[in-house]
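Some notes on the structure that comes next.
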There are 2 protein chains.
Amino acid sequence: MHKNQTFKLKRKPKIIGSYTIVGPKEGKGNFGPYFDYVMKNDYFGEKTFEKAERKMIESAVTGVIQNAKLQTKDIDMMIAGDLLNQIISSSYAARAFKFPFLGVYGACSTMAESYAVASVLVDGGYFENVVCCTGSHFSTAERQYRFPLELGNQRPPTSQWTVTGAGASVISLNGDGPCITSVTFGKVVDFGVNDVNNMGAAMAPAARDTLLAHFLNTKTSPNDYDLIITGDLGKLGSEILIDLMEEEGVTLGVNYGDCGQMYYKREQKTLCGASGAGCCATAFNSYIIKKIKEGQYKKVLFLPTGALLSSISTQQGDTIPCVCHAIVIEKE
Amino acid sequence: MHKNQTFKLKRKPKIIGSYTIVGPKEGKGNFGPYFDYVMKNDYFGEKTFEKAERKMIESAVTGVIQNAKLQTKDIDMMIAGDLLNQIISSSYAARAFKFPFLGVYGACSTMAESYAVASVLVDGGYFENVVCCTGSHFSTAERQYRFPLELGNQRPPTSQWTVTGAGASVISLNGDGPCITSVTFGKVVDFGVNDVNNMGAAMAPAARDTLLAHFLNTKTSPNDYDLIITGDLGKLGSEILIDLMEEEGVTLGVNYGDCGQMYYKREQKTLCGASGAGCCATAFNSYIIKKIKEGQYKKVLFLPTGALLSSISTQQGDTIPCVCHAIVIEKE
């Protein structure tokens, strides 16, 4: 375990605004009633799915600034990333705004990564208001990582469904909202899984690694949290994580959940559940943040995982390295 | 101009270690005598160019830890990114290390982006020693962004040659080395250029934007720096920047240079010069850092630019958005 993976944020940066935008399938899922905007279709008025994904990011950034009751001129920076090659959805969306842009990449762990960097920038007194954003799109992810939809490939039972959606937050020292109180940065962990249709199995060991480091460094245990929530391990991956933790003598009980496992309804036929950078970004910035504000959850451990593969690494026979960053969010 | 693009680093984080590894062509270029390691060929003992690029990043991280006279256990985090889809060179290299990994993406501006984030983590007292690394590879970049080398496409006169090389630094509060004293984060600027073989023209407006913001926010002018150095605008792009700044009433004189313009010798036939994330990373961590340590440069304004396109955005007819982050480095 590395000594310095975790640090506390003394000035407790706040999440003063949240915003989510999702596709129609996501709107019909379990978090449906909590999203800010549900698109009529996956094109969002654009000619390509890639341009739609970009427009979702742009809309989420615009929406979250309004939700935080701020204006564009109040924002010091946007930190964003996404699953598309060269994070084009985020970079191209950033053209629309007059504030600086910091591109990050952690695959489906990107929301936590951007929260971590934004928290440090705000907590350290460098910036006042930082927007964090990420998203994903089912149709762009499928054709980039797996097969074009037109091929009609059958989906194996371990596969997950990439969320079409974007979530955003404003992190600030001022204003009201849940506080980010500590960060545990994850190491890259490769368990030797090479099946691009079984991301949950690939990512679970990274979640275990960061969870163990976090509990050790903060001297906490699962019972200290009202909710421990992973990003998109899905139905199989979250079961694997429970097993892996059990082997380490740590029991994840009823306060453990996974956004991917919870996201869609059973009849929506997504097999192992939801995935994608937009999965935990939209679940967190809708349902979870609302439940923290309402007082149902007072202390949440949010730990999205990311699978750091590309189609090139798959083609060259590589296994899938993964990462998981953990953020503690507490009711103010 | 946005109010908060620039901040000062009060505790002045130091660059306590530097390391560079390059390909044979780069070894014969103008910075040749200053590199730490010149590979015999572009494969570096691997079966593919992609795996060679990954191995360069891994070697640079190992090398810089030694150069800083530290051990792996002393490193709190690695911040890295590269040009390959999903920054696989950095993510896969990170598997070899037992410290946390933060992936960033700013195309050829990545070195500055990682310096900026590392400086904040160190200056704010969150971490002690942070490794920053980036690199690029001519053969992987050509086939990803333009055409496979096997096609033998002719290179237009405005094209640049992607550097095969990786550079790394260790940023720390302790130890000796040049200090990072301020950071100016850049906005995404799109000037409407859509020619993937003319990156210099696409990126020059982003450099202008960040330069003007930096001068205004820090109340400095070109004469306050011994060296103002852009990343890989190349021969044409750096001339365009001089023109653009002239229009704004700012003269960039003999203390202005561009790593891409300076990198290769004339007879190496690289047309507009060098490019790639490895260009400024290796030029800075070899020649420039040595000249700062020797006292030739006391105050350097380092501002790498990045073109944030992907092959998908090119295929969909998009123009090229660019970004530029600026770092001030001073002799301790």
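In the structure tokens, chains take letters A, B, ... by order of appearance, with residues numbered from 1 within each chain and ligands from 1 in the order shown.
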
Selection: 8 Å around region 19-26 of chain B, only C-alpha atoms, excl. self and same-chain fewer than 3 positions, as a PyMOL selection string: chain B and resi 29+31-32+35-42+56+59-61+63-64+67+163-169+263-264+281-282+285-286

Counting only C-alpha atoms, chain B residues within 7 Å of chain A, as a ChimeraX atom specification: /B:2,4-5,7,76,85-86,88,91-92,94-95,98-101,103-106,120-121,124,126,185-190,308-310,321

Nearby residues (only C-alpha atoms) at most 8 Å from region 291-299 of chain A, same-chain spacing under 5 positions excluded, as a ChimeraX atom specification: /A:177-178,224-227,328-331

Would you mind exporting the chosen residues as a PDB file, in the first residue's frame, restricted to N, CA and C atoms?
```pdb
ATOM      1  N   GLY A 177     -23.746  23.072  -0.442  1.00  0.00           N
ATOM      2  CA  GLY A 177     -23.785  21.786  -1.120  1.00  0.00           C
ATOM      3  C   GLY A 177     -22.957  20.766  -0.375  1.00  0.00           C
ATOM      4  N   PRO A 178     -23.079  19.500  -0.788  1.00  0.00           N
ATOM      5  CA  PRO A 178     -22.273  18.444  -0.166  1.00  0.00           C
ATOM      6  C   PRO A 178     -20.772  18.729  -0.321  1.00  0.00           C
ATOM      7  N   ASP A 224     -18.457   2.948   8.317  1.00  0.00           N
ATOM      8  CA  ASP A 224     -18.351   4.394   8.495  1.00  0.00           C
ATOM      9  C   ASP A 224     -19.048   5.180   7.384  1.00  0.00           C
ATOM     10  N   TYR A 225     -19.569   4.476   6.383  1.00  0.00           N
ATOM     11  CA  TYR A 225     -20.204   5.155   5.255  1.00  0.00           C
ATOM     12  C   TYR A 225     -21.670   4.749   5.132  1.00  0.00           C
ATOM     13  N   ASP A 226     -22.515   5.703   4.794  1.00  0.00           N
ATOM     14  CA  ASP A 226     -23.921   5.384   4.527  1.00  0.00           C
ATOM     15  C   ASP A 226     -24.070   4.716   3.174  1.00  0.00           C
ATOM     16  N   LEU A 227     -23.136   5.047   2.277  1.00  0.00           N
ATOM     17  CA  LEU A 227     -23.178   4.464   0.939  1.00  0.00           C
ATOM     18  C   LEU A 227     -21.752   4.341   0.413  1.00  0.00           C
ATOM     19  N   VAL A 328     -14.559  10.995  -1.052  1.00  0.00           N
ATOM     20  CA  VAL A 328     -15.539  10.971   0.037  1.00  0.00           C
ATOM     21  C   VAL A 328     -16.360  12.258  -0.016  1.00  0.00           C
ATOM     22  N   ILE A 329     -17.683  12.083  -0.046  1.00  0.00           N
ATOM     23  CA  ILE A 329     -18.593  13.235  -0.091  1.00  0.00           C
ATOM     24  C   ILE A 329     -19.452  13.191   1.173  1.00  0.00           C
ATOM     25  N   GLU A 330     -19.526  14.320   1.867  1.00  0.00           N
ATOM     26  CA  GLU A 330     -20.310  14.365   3.103  1.00  0.00           C
ATOM     27  C   GLU A 330     -21.326  15.489   3.035  1.00  0.00           C
ATOM     28  N   LYS A 331     -22.461  15.260   3.703  1.00  0.00           N
ATOM     29  CA  LYS A 331     -23.470  16.312   3.785  1.00  0.00           C
ATOM     30  C   LYS A 331     -22.839  17.467   4.542  1.00  0.00           C
TER      31      LYS A 331
END
```

Contacts of Thr162 (chain A) within 6 Å, only C-alpha atoms, excl. fewer than 4 positions in-chain, as a PyMOL selection string: chain A and resi 138+274-276

Mind dumping the selected residues with C-alpha atoms as an mmCIF file, in the first residue's frame?
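Result file follows (selection_19.cif):
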```
data_model
loop_
_atom_site.group_PDB
_atom_site.id
_atom_site.type_symbol
_atom_site.label_atom_id
_atom_site.label_comp_id
_atom_site.auth_asym_id
_atom_site.auth_seq_id
_atom_site.Cartn_x
_atom_site.Cartn_y
_atom_site.Cartn_z
ATOM 1 C CA PHE A 138 -23.784 4.044 -26.386
ATOM 2 C CA ALA A 274 -24.770 -0.005 -17.371
ATOM 3 C CA SER A 275 -21.248 1.226 -18.081
ATOM 4 C CA GLY A 276 -19.444 4.212 -19.575
#
```

Strand (DSSP E) positions in region 47-241 of chain A, given as a ChimeraX atom specification: /A:77-82,101-103,129-136,161-162,165-172,179-184,189-190,227-230

How would the residues just chosen look if you wrote them out with C-alpha atoms as a PDB file, in the first residue's frame?
```
ATOM      1  CA  MET A  77     -11.844  26.269 -15.362  1.00  0.00           C
ATOM      2  CA  MET A  78     -13.492  23.259 -16.917  1.00  0.00           C
ATOM      3  CA  ILE A  79     -12.023  19.816 -16.245  1.00  0.00           C
ATOM      4  CA  ALA A  80     -13.421  17.157 -18.534  1.00  0.00           C
ATOM      5  CA  GLY A  81     -12.717  13.977 -20.397  1.00  0.00           C
ATOM      6  CA  ASP A  82     -14.599  11.220 -22.198  1.00  0.00           C
ATOM      7  CA  PHE A 101      -9.826  23.746 -20.209  1.00  0.00           C
ATOM      8  CA  LEU A 102      -7.984  20.861 -18.603  1.00  0.00           C
ATOM      9  CA  GLY A 103      -8.415  17.519 -20.342  1.00  0.00           C
ATOM     10  CA  ASN A 129     -15.278  27.706  -9.202  1.00  0.00           C
ATOM     11  CA  VAL A 130     -14.351  24.684 -11.286  1.00  0.00           C
ATOM     12  CA  VAL A 131     -16.717  22.762 -13.571  1.00  0.00           C
ATOM     13  CA  CYS A 132     -16.218  18.988 -13.807  1.00  0.00           C
ATOM     14  CA  CYS A 133     -17.879  17.093 -16.607  1.00  0.00           C
ATOM     15  CA  THR A 134     -17.857  13.758 -18.366  1.00  0.00           C
ATOM     16  CA  GLY A 135     -20.159  11.661 -20.483  1.00  0.00           C
ATOM     17  CA  SER A 136     -20.481   8.755 -22.866  1.00  0.00           C
ATOM     18  CA  TRP A 161     -24.623  -1.184 -21.924  1.00  0.00           C
ATOM     19  CA  THR A 162     -22.796   2.141 -22.310  1.00  0.00           C
ATOM     20  CA  GLY A 165     -25.565  10.731 -20.978  1.00  0.00           C
ATOM     21  CA  ALA A 166     -23.407  13.440 -19.446  1.00  0.00           C
ATOM     22  CA  GLY A 167     -23.118  14.660 -15.878  1.00  0.00           C
ATOM     23  CA  ALA A 168     -21.513  17.799 -14.518  1.00  0.00           C
ATOM     24  CA  SER A 169     -20.764  19.452 -11.174  1.00  0.00           C
ATOM     25  CA  VAL A 170     -19.455  22.816 -10.009  1.00  0.00           C
ATOM     26  CA  ILE A 171     -16.848  22.555  -7.251  1.00  0.00           C
ATOM     27  CA  SER A 172     -16.387  25.649  -5.105  1.00  0.00           C
ATOM     28  CA  CYS A 179     -18.548  18.616   0.676  1.00  0.00           C
ATOM     29  CA  ILE A 180     -15.656  16.654  -0.798  1.00  0.00           C
ATOM     30  CA  THR A 181     -13.576  15.742   2.247  1.00  0.00           C
ATOM     31  CA  SER A 182     -10.937  13.311   0.995  1.00  0.00           C
ATOM     32  CA  VAL A 183      -9.434  11.786  -2.125  1.00  0.00           C
ATOM     33  CA  THR A 184      -7.668   8.469  -2.683  1.00  0.00           C
ATOM     34  CA  VAL A 189      -3.993  -2.617 -11.745  1.00  0.00           C
ATOM     35  CA  ASP A 190      -3.995  -5.303 -14.429  1.00  0.00           C
ATOM     36  CA  LEU A 227     -23.178   4.464   0.939  1.00  0.00           C
ATOM     37  CA  ILE A 228     -20.171   2.917  -0.793  1.00  0.00           C
ATOM     38  CA  ILE A 229     -20.796   3.209  -4.503  1.00  0.00           C
ATOM     39  CA  THR A 230     -18.650   1.980  -7.394  1.00  0.00           C
TER      40      THR A 230
END
```

Selection near Met245 (chain A), 12 Å with only C-alpha atoms, sequence-local residues under 2 positions removed, as a ChimeraX atom specification: /A:204-212,215,221-222,238-243,247-253,256

Let's have the selection written as a PDB file, in the first residue's frame, with C-alpha atoms.
```pdb
ATOM      1  CA  ALA A 204     -13.049  -5.154  -9.883  1.00  0.00           C
ATOM      2  CA  PRO A 205      -9.410  -5.702  -8.781  1.00  0.00           C
ATOM      3  CA  ALA A 206      -8.660  -1.972  -9.249  1.00  0.00           C
ATOM      4  CA  ALA A 207     -11.657  -1.150  -7.043  1.00  0.00           C
ATOM      5  CA  ARG A 208     -10.394  -3.583  -4.415  1.00  0.00           C
ATOM      6  CA  ASP A 209      -6.932  -2.009  -4.491  1.00  0.00           C
ATOM      7  CA  THR A 210      -8.231   1.541  -4.004  1.00  0.00           C
ATOM      8  CA  LEU A 211     -10.858   0.491  -1.426  1.00  0.00           C
ATOM      9  CA  LEU A 212      -8.231  -1.258   0.718  1.00  0.00           C
ATOM     10  CA  PHE A 215      -9.807   2.161   4.395  1.00  0.00           C
ATOM     11  CA  SER A 221     -14.291   0.586   7.509  1.00  0.00           C
ATOM     12  CA  PRO A 222     -17.447  -0.001   5.426  1.00  0.00           C
ATOM     13  CA  SER A 238     -19.795  -5.809  -8.301  1.00  0.00           C
ATOM     14  CA  GLU A 239     -20.288  -9.446  -7.192  1.00  0.00           C
ATOM     15  CA  ILE A 240     -16.599 -10.074  -7.952  1.00  0.00           C
ATOM     16  CA  LEU A 241     -15.633  -7.028  -5.863  1.00  0.00           C
ATOM     17  CA  ILE A 242     -17.692  -8.321  -2.909  1.00  0.00           C
ATOM     18  CA  ASP A 243     -15.863 -11.658  -3.214  1.00  0.00           C
ATOM     19  CA  GLU A 247     -11.053 -12.579   0.806  1.00  0.00           C
ATOM     20  CA  GLU A 248      -9.354  -9.565   2.373  1.00  0.00           C
ATOM     21  CA  GLY A 249     -11.584  -9.841   5.428  1.00  0.00           C
ATOM     22  CA  VAL A 250     -13.733  -6.823   4.539  1.00  0.00           C
ATOM     23  CA  THR A 251     -17.479  -7.329   4.182  1.00  0.00           C
ATOM     24  CA  LEU A 252     -19.341  -5.022   1.813  1.00  0.00           C
ATOM     25  CA  GLY A 253     -22.901  -5.078   3.074  1.00  0.00           C
ATOM     26  CA  TYR A 256     -22.612  -1.099  -0.970  1.00  0.00           C
TER      27      TYR A 256
END
```

Selection: 9 Å around Asp195 (chain A), only C-alpha atoms, excl. self and same-chain fewer than 3 positions, as an NGL selection string: :A and (198-199 or 201-202 or 314 or 319-320)

Using the selection just defined, write its residues with N, CA and C atoms as a JSON list (two decimals), in the first residue's frame.
```json
[["chain", "number", "residue", "atom", "x", "y", "z"],
["A", 198, "ASN", "N", -16.17, -8.03, -20.94],
["A", 198, "ASN", "CA", -16.28, -8.36, -19.53],
["A", 198, "ASN", "C", -15.50, -7.35, -18.69],
["A", 199, "MET", "N", -15.90, -6.11, -18.78],
["A", 199, "MET", "CA", -15.21, -5.01, -18.12],
["A", 199, "MET", "C", -15.30, -5.10, -16.61],
["A", 201, "ALA", "N", -15.19, -7.68, -14.65],
["A", 201, "ALA", "CA", -14.15, -8.56, -14.12],
["A", 201, "ALA", "C", -12.79, -7.89, -14.18],
["A", 202, "ALA", "N", -12.56, -7.13, -15.25],
["A", 202, "ALA", "CA", -11.27, -6.45, -15.40],
["A", 202, "ALA", "C", -11.09, -5.36, -14.34],
["A", 314, "THR", "N", -6.20, -3.86, -27.69],
["A", 314, "THR", "CA", -6.94, -5.12, -27.86],
["A", 314, "THR", "C", -6.41, -5.89, -29.06],
["A", 319, "THR", "N", -3.75, -7.26, -22.32],
["A", 319, "THR", "CA", -4.80, -7.36, -21.32],
["A", 319, "THR", "C", -5.27, -5.94, -20.96],
["A", 320, "ILE", "N", -6.22, -5.83, -20.03],
["A", 320, "ILE", "CA", -6.87, -4.55, -19.76],
["A", 320, "ILE", "C", -6.45, -3.98, -18.40]]
```

Backbone DSSP call of helix (DSSP H, G or I) for region 137-190 of chain B, listed as a list in words: Phe138, Ser139, Thr140, Ala141, Glu142, Arg143, Gln144, Tyr145, Leu149, Glu150 and Leu151 of chain B
